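Chemist: Mind having a look at this structure? Questions to follow.
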2 protein chains.
Amino acid sequence: MSKATLSRVPIYLRYLKESLVEENSTISAPKIAKGVSLGEVQVRKDLSLVSGRGKPRTGYQRAQLIKDLENCLGASNLTNAVLVGAGKLGSALLEYGGFEEFGVRIVAGFDCNQEVINSSKNAILSVDVIQDFCSENDIKIGIITVGQGSAQAVCDKLVACGVKAIWNFAPCTLSVPQGVLLKQERLALSLAHLNSQIEK
Amino acid sequence: MSKATLSRVPIYLRYLKESLVEENSTISAPKIAKGVSLGEVQVRKDLSLVSGRGKPRTGYQRAQLIKDLENCLGASNLTNAVLVGAGKLGSALLEYGGFEEFGVRIVAGFDCNQEVINSSKNAILSVDVIQDFCSENDIKIGIITVGQGSAQAVCDKLVACGVKAIWNFAPCTLSVPQGVLLKQERLALSLAHLNSQIEK
């Protein structure tokens, strides 16, 4: 499934859940399209990937469609993640409540700074206990929000802890062994790209 | 220029600047390719977009190539940006020093919370003065790091201040008038996409 399709799944899901007050058990593609302000062709195409085709005249079974959309996002079967580096960006991600809707739960944050560990409002744990924590909590994703200088060491540690995917915010290239997914988040690049499109 | 090419420009630039200690005035494509661990074909293609072709046998004029790469990123002619919403994410972006390398300088942060304005280490200004600030400082980009509930109002304010582009981190869809660029940053979506690729 493309990232573009995936990006629309939460939109359908929110609409369907909000419209649940109307007690119909089915809903048509044109109605969904209107509700989410997307083209009908687009909606049919997206939903056929997630849930199969709607029935002529009646449309989609609403409950089943919601279930299929949730499964698609993994929201009914959350993947556990940990975050390392509880600075400003790390704390912002820890506090952000919107990831569960997309199938991921950040279950803990780690830092090596004792002051951060003690003073934080959120539960920040010492990296010394990360290995045990990961094996006890079936952690699949590691999020790196430390500085450039320690990112590779943190990455190696997370890999040793058995994570299957790394989401790296440090502005540097990491190497991971085969079989581990790496997503490099390049915020500066988004901004540069936006900047390059401005007519000057 | 594609985002992929743009993403490699800072890599070339860093390599060329670091290798400047060697006093040669020219540098060849194979040497650059080796230095940045990219394929030679890729390097030639990228650099021809930015700076024209290298000369047979001698390669590129190093100083000119650096200048062209810098121009490409706009690093020699920085675009001014402001940020609204000095929470954790906003503060993290304000403190991040890596945007200038990509041609953008965040010159000020704004918030409406008087406590944040007074207590912040960074200079956070009151949104009450944003209009004057933007016209005095030639602000082209507005970065939105407020919550979902006030994002559209902040967006409208920034547009009224004359920004040409909006970079929105709030997890909601904004509408902007024609002629204003909008880049929606969807961090949760990056994570969802990564999660969907993990074999379970």
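Lettering and numbering for the structure tokens are positional, with chains as A, B, ... in the shown order, residues counted from 1 in each chain, and ligands counted from 1 in the shown order.
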Find the residues near Cys134 of chain B: any atom within 10 Å, counting only C-alpha atoms, skip ones fewer than 3 places away on the same chain, and give them as a ChimeraX atom specification.
Modeler: /B:80-82,107-108,129-131,137-142,158,160-163
Chemist: Taking the DSSP secondary structure from the backbone, can you list the residues of segment 43-99 of chain A that are alpha helix (DSSP H), as a ChimeraX atom specification?
Modeler: /A:43-51,62-73,88-95
Chemist: With N, CA and C atoms retained, export the selected residues as a PDB file, in the first residue's frame.
Modeler:
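The resulting selection10.pdb:
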```pdb
ATOM      1  N   VAL A  43     -11.849   7.278  -3.447  1.00  0.00           N
ATOM      2  CA  VAL A  43     -12.380   6.571  -2.276  1.00  0.00           C
ATOM      3  C   VAL A  43     -12.597   5.093  -2.595  1.00  0.00           C
ATOM      4  N   ARG A  44     -13.215   4.827  -3.737  1.00  0.00           N
ATOM      5  CA  ARG A  44     -13.460   3.427  -4.120  1.00  0.00           C
ATOM      6  C   ARG A  44     -12.155   2.654  -4.241  1.00  0.00           C
ATOM      7  N   LYS A  45     -11.164   3.314  -4.844  1.00  0.00           N
ATOM      8  CA  LYS A  45      -9.871   2.675  -5.063  1.00  0.00           C
ATOM      9  C   LYS A  45      -9.197   2.369  -3.718  1.00  0.00           C
ATOM     10  N   ASP A  46      -9.163   3.365  -2.852  1.00  0.00           N
ATOM     11  CA  ASP A  46      -8.539   3.180  -1.533  1.00  0.00           C
ATOM     12  C   ASP A  46      -9.229   2.070  -0.748  1.00  0.00           C
ATOM     13  N   LEU A  47     -10.559   2.130  -0.703  1.00  0.00           N
ATOM     14  CA  LEU A  47     -11.290   1.170   0.127  1.00  0.00           C
ATOM     15  C   LEU A  47     -11.216  -0.239  -0.427  1.00  0.00           C
ATOM     16  N   SER A  48     -11.091  -0.362  -1.760  1.00  0.00           N
ATOM     17  CA  SER A  48     -10.976  -1.706  -2.327  1.00  0.00           C
ATOM     18  C   SER A  48      -9.643  -2.339  -1.924  1.00  0.00           C
ATOM     19  N   LEU A  49      -8.618  -1.493  -1.715  1.00  0.00           N
ATOM     20  CA  LEU A  49      -7.329  -2.021  -1.263  1.00  0.00           C
ATOM     21  C   LEU A  49      -7.409  -2.491   0.185  1.00  0.00           C
ATOM     22  N   VAL A  50      -8.187  -1.786   0.970  1.00  0.00           N
ATOM     23  CA  VAL A  50      -8.230  -2.045   2.411  1.00  0.00           C
ATOM     24  C   VAL A  50      -9.276  -3.101   2.762  1.00  0.00           C
ATOM     25  N   SER A  51     -10.398  -3.076   2.043  1.00  0.00           N
ATOM     26  CA  SER A  51     -11.554  -3.819   2.539  1.00  0.00           C
ATOM     27  C   SER A  51     -12.331  -4.548   1.445  1.00  0.00           C
ATOM     28  N   ARG A  62     -20.611  -0.948   7.360  1.00  0.00           N
ATOM     29  CA  ARG A  62     -19.882   0.059   8.115  1.00  0.00           C
ATOM     30  C   ARG A  62     -18.946  -0.544   9.172  1.00  0.00           C
ATOM     31  N   ALA A  63     -19.472  -1.500   9.950  1.00  0.00           N
ATOM     32  CA  ALA A  63     -18.668  -2.065  11.042  1.00  0.00           C
ATOM     33  C   ALA A  63     -17.435  -2.792  10.496  1.00  0.00           C
ATOM     34  N   GLN A  64     -17.664  -3.551   9.407  1.00  0.00           N
ATOM     35  CA  GLN A  64     -16.560  -4.300   8.807  1.00  0.00           C
ATOM     36  C   GLN A  64     -15.508  -3.348   8.248  1.00  0.00           C
ATOM     37  N   LEU A  65     -15.965  -2.283   7.622  1.00  0.00           N
ATOM     38  CA  LEU A  65     -15.058  -1.313   7.020  1.00  0.00           C
ATOM     39  C   LEU A  65     -14.178  -0.673   8.094  1.00  0.00           C
ATOM     40  N   ILE A  66     -14.801  -0.316   9.218  1.00  0.00           N
ATOM     41  CA  ILE A  66     -14.034   0.266  10.328  1.00  0.00           C
ATOM     42  C   ILE A  66     -12.981  -0.722  10.818  1.00  0.00           C
ATOM     43  N   LYS A  67     -13.404  -1.979  10.941  1.00  0.00           N
ATOM     44  CA  LYS A  67     -12.479  -3.017  11.405  1.00  0.00           C
ATOM     45  C   LYS A  67     -11.292  -3.167  10.433  1.00  0.00           C
ATOM     46  N   ASP A  68     -11.608  -3.191   9.147  1.00  0.00           N
ATOM     47  CA  ASP A  68     -10.557  -3.368   8.143  1.00  0.00           C
ATOM     48  C   ASP A  68      -9.601  -2.172   8.122  1.00  0.00           C
ATOM     49  N   LEU A  69     -10.162  -0.972   8.266  1.00  0.00           N
ATOM     50  CA  LEU A  69      -9.314   0.231   8.276  1.00  0.00           C
ATOM     51  C   LEU A  69      -8.404   0.215   9.500  1.00  0.00           C
ATOM     52  N   GLU A  70      -8.963  -0.198  10.637  1.00  0.00           N
ATOM     53  CA  GLU A  70      -8.160  -0.276  11.867  1.00  0.00           C
ATOM     54  C   GLU A  70      -7.057  -1.316  11.730  1.00  0.00           C
ATOM     55  N   ASN A  71      -7.398  -2.449  11.158  1.00  0.00           N
ATOM     56  CA  ASN A  71      -6.380  -3.475  10.951  1.00  0.00           C
ATOM     57  C   ASN A  71      -5.272  -2.976  10.050  1.00  0.00           C
ATOM     58  N   CYS A  72      -5.667  -2.245   9.032  1.00  0.00           N
ATOM     59  CA  CYS A  72      -4.711  -1.709   8.071  1.00  0.00           C
ATOM     60  C   CYS A  72      -3.685  -0.829   8.777  1.00  0.00           C
ATOM     61  N   LEU A  73      -4.132  -0.035   9.720  1.00  0.00           N
ATOM     62  CA  LEU A  73      -3.222   0.834  10.479  1.00  0.00           C
ATOM     63  C   LEU A  73      -2.548   0.082  11.626  1.00  0.00           C
ATOM     64  N   LYS A  88      14.088  18.150  24.006  1.00  0.00           N
ATOM     65  CA  LYS A  88      12.848  18.834  23.621  1.00  0.00           C
ATOM     66  C   LYS A  88      12.072  18.049  22.574  1.00  0.00           C
ATOM     67  N   LEU A  89      12.768  17.631  21.508  1.00  0.00           N
ATOM     68  CA  LEU A  89      12.073  16.901  20.444  1.00  0.00           C
ATOM     69  C   LEU A  89      11.554  15.567  20.967  1.00  0.00           C
ATOM     70  N   GLY A  90      12.406  14.851  21.705  1.00  0.00           N
ATOM     71  CA  GLY A  90      12.001  13.570  22.271  1.00  0.00           C
ATOM     72  C   GLY A  90      10.781  13.718  23.168  1.00  0.00           C
ATOM     73  N   SER A  91      10.807  14.737  24.029  1.00  0.00           N
ATOM     74  CA  SER A  91       9.672  14.955  24.933  1.00  0.00           C
ATOM     75  C   SER A  91       8.414  15.286  24.146  1.00  0.00           C
ATOM     76  N   ALA A  92       8.585  16.085  23.088  1.00  0.00           N
ATOM     77  CA  ALA A  92       7.429  16.438  22.254  1.00  0.00           C
ATOM     78  C   ALA A  92       6.797  15.181  21.662  1.00  0.00           C
ATOM     79  N   LEU A  93       7.630  14.261  21.186  1.00  0.00           N
ATOM     80  CA  LEU A  93       7.104  13.023  20.599  1.00  0.00           C
ATOM     81  C   LEU A  93       6.457  12.147  21.667  1.00  0.00           C
ATOM     82  N   LEU A  94       7.082  12.109  22.858  1.00  0.00           N
ATOM     83  CA  LEU A  94       6.513  11.307  23.952  1.00  0.00           C
ATOM     84  C   LEU A  94       5.142  11.833  24.364  1.00  0.00           C
ATOM     85  N   GLU A  95       4.997  13.146  24.318  1.00  0.00           N
ATOM     86  CA  GLU A  95       3.726  13.735  24.757  1.00  0.00           C
ATOM     87  C   GLU A  95       2.647  13.686  23.681  1.00  0.00           C
TER      88      GLU A  95
END
```
Chemist: From a DSSP pass on the backbone, collect the residues of segment 21-73 of chain A flagged as strand (DSSP E) and hand them back as a PyMOL selection string.
Modeler: chain A and resi 26-27+60-61
Chemist: Produce a table with one row for each residue of chain A that has an atom at most 9 Å from any atom of chain B, each row naming the nearest atom pair and its distance in Å at one decimal; use only C-alpha atoms; arrange rows by chain and rising residue number; format as JSON lines.
Modeler:
```
{"residue": "A:Met1", "atom": "CA", "partner": "B:Ser196", "partner_atom": "CA", "distance": 8.9}
{"residue": "A:Ser2", "atom": "CA", "partner": "B:His193", "partner_atom": "CA", "distance": 8.8}
{"residue": "A:Lys3", "atom": "CA", "partner": "B:His193", "partner_atom": "CA", "distance": 6.5}
{"residue": "A:Leu6", "atom": "CA", "partner": "B:His193", "partner_atom": "CA", "distance": 7.5}
{"residue": "A:Ser7", "atom": "CA", "partner": "B:Leu189", "partner_atom": "CA", "distance": 6.4}
{"residue": "A:Cys72", "atom": "CA", "partner": "B:Ser196", "partner_atom": "CA", "distance": 8.3}
{"residue": "A:Leu73", "atom": "CA", "partner": "B:Ala192", "partner_atom": "CA", "distance": 7.0}
{"residue": "A:Gly74", "atom": "CA", "partner": "B:Ser196", "partner_atom": "CA", "distance": 7.8}
{"residue": "A:Thr79", "atom": "CA", "partner": "B:Asn195", "partner_atom": "CA", "distance": 7.4}
{"residue": "A:Gly87", "atom": "CA", "partner": "B:Ala92", "partner_atom": "CA", "distance": 8.1}
{"residue": "A:Lys88", "atom": "CA", "partner": "B:Ala92", "partner_atom": "CA", "distance": 5.1}
{"residue": "A:Leu89", "atom": "CA", "partner": "B:Ala92", "partner_atom": "CA", "distance": 5.3}
{"residue": "A:Gly90", "atom": "CA", "partner": "B:Leu89", "partner_atom": "CA", "distance": 8.6}
{"residue": "A:Ser91", "atom": "CA", "partner": "B:Lys88", "partner_atom": "CA", "distance": 6.8}
{"residue": "A:Ala92", "atom": "CA", "partner": "B:Lys88", "partner_atom": "CA", "distance": 5.1}
{"residue": "A:Leu93", "atom": "CA", "partner": "B:Leu89", "partner_atom": "CA", "distance": 7.9}
{"residue": "A:Gly98", "atom": "CA", "partner": "B:Ala188", "partner_atom": "CA", "distance": 6.7}
{"residue": "A:Phe99", "atom": "CA", "partner": "B:Ala188", "partner_atom": "CA", "distance": 5.4}
{"residue": "A:Glu100", "atom": "CA", "partner": "B:Ala188", "partner_atom": "CA", "distance": 8.8}
{"residue": "A:Glu101", "atom": "CA", "partner": "B:Ala188", "partner_atom": "CA", "distance": 8.7}
{"residue": "A:Phe102", "atom": "CA", "partner": "B:Ala192", "partner_atom": "CA", "distance": 5.3}
{"residue": "A:Gly103", "atom": "CA", "partner": "B:Ala192", "partner_atom": "CA", "distance": 6.5}
{"residue": "A:Val104", "atom": "CA", "partner": "B:Ala192", "partner_atom": "CA", "distance": 7.1}
{"residue": "A:Lys140", "atom": "CA", "partner": "B:Ile198", "partner_atom": "CA", "distance": 8.3}
{"residue": "A:Ile141", "atom": "CA", "partner": "B:Asn195", "partner_atom": "CA", "distance": 7.8}
{"residue": "A:Lys164", "atom": "CA", "partner": "B:Ile198", "partner_atom": "CA", "distance": 6.7}
{"residue": "A:Ala165", "atom": "CA", "partner": "B:Ile198", "partner_atom": "CA", "distance": 7.0}
{"residue": "A:Ile166", "atom": "CA", "partner": "B:Leu194", "partner_atom": "CA", "distance": 8.5}
{"residue": "A:Trp167", "atom": "CA", "partner": "B:Leu191", "partner_atom": "CA", "distance": 7.4}
{"residue": "A:Pro171", "atom": "CA", "partner": "B:Gly98", "partner_atom": "CA", "distance": 8.2}
{"residue": "A:Val180", "atom": "CA", "partner": "B:Ile198", "partner_atom": "CA", "distance": 8.6}
{"residue": "A:Leu181", "atom": "CA", "partner": "B:Ile198", "partner_atom": "CA", "distance": 7.4}
{"residue": "A:Leu182", "atom": "CA", "partner": "B:Leu194", "partner_atom": "CA", "distance": 8.1}
{"residue": "A:Lys183", "atom": "CA", "partner": "B:Leu194", "partner_atom": "CA", "distance": 6.8}
{"residue": "A:Glu185", "atom": "CA", "partner": "B:Ser190", "partner_atom": "CA", "distance": 8.1}
{"residue": "A:Arg186", "atom": "CA", "partner": "B:Ser7", "partner_atom": "CA", "distance": 8.8}
{"residue": "A:Leu187", "atom": "CA", "partner": "B:Glu185", "partner_atom": "CA", "distance": 8.7}
{"residue": "A:Ala188", "atom": "CA", "partner": "B:Phe99", "partner_atom": "CA", "distance": 5.4}
{"residue": "A:Leu189", "atom": "CA", "partner": "B:Ser7", "partner_atom": "CA", "distance": 6.5}
{"residue": "A:Ser190", "atom": "CA", "partner": "B:Lys183", "partner_atom": "CA", "distance": 8.0}
{"residue": "A:Leu191", "atom": "CA", "partner": "B:Trp167", "partner_atom": "CA", "distance": 7.4}
{"residue": "A:Ala192", "atom": "CA", "partner": "B:Phe102", "partner_atom": "CA", "distance": 5.3}
{"residue": "A:His193", "atom": "CA", "partner": "B:Lys3", "partner_atom": "CA", "distance": 6.5}
{"residue": "A:Leu194", "atom": "CA", "partner": "B:Lys183", "partner_atom": "CA", "distance": 6.9}
{"residue": "A:Asn195", "atom": "CA", "partner": "B:Val104", "partner_atom": "CA", "distance": 7.3}
{"residue": "A:Ser196", "atom": "CA", "partner": "B:Leu73", "partner_atom": "CA", "distance": 7.5}
{"residue": "A:Gln197", "atom": "CA", "partner": "B:Leu181", "partner_atom": "CA", "distance": 8.0}
{"residue": "A:Ile198", "atom": "CA", "partner": "B:Lys164", "partner_atom": "CA", "distance": 6.7}
{"residue": "A:Glu199", "atom": "CA", "partner": "B:Lys164", "partner_atom": "CA", "distance": 8.3}
```
Chemist: Which distance in Å separates atom CA of Ser76 of chain A and atom CA of Ser25 of chain A, to one decimal?
Modeler: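 Between these atoms lies a distance of 20.9 Å.
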Chemist: Quick one, how far is atom CA of Glu40 of chain A from atom CA of Leu174 of chain B?
Modeler: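 Pair atom CA of Glu40 of chain A / atom CA of Leu174 of chain B returns 21.6 Å.
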Chemist: Could you tell me how far atom CA of Tyr15 of chain B lies from atom CA of Ile144 of chain A, in Å and to one decimal?
Modeler: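 Computed distance, atom CA of Tyr15 of chain B to atom CA of Ile144 of chain A, equals 24.7 Å.
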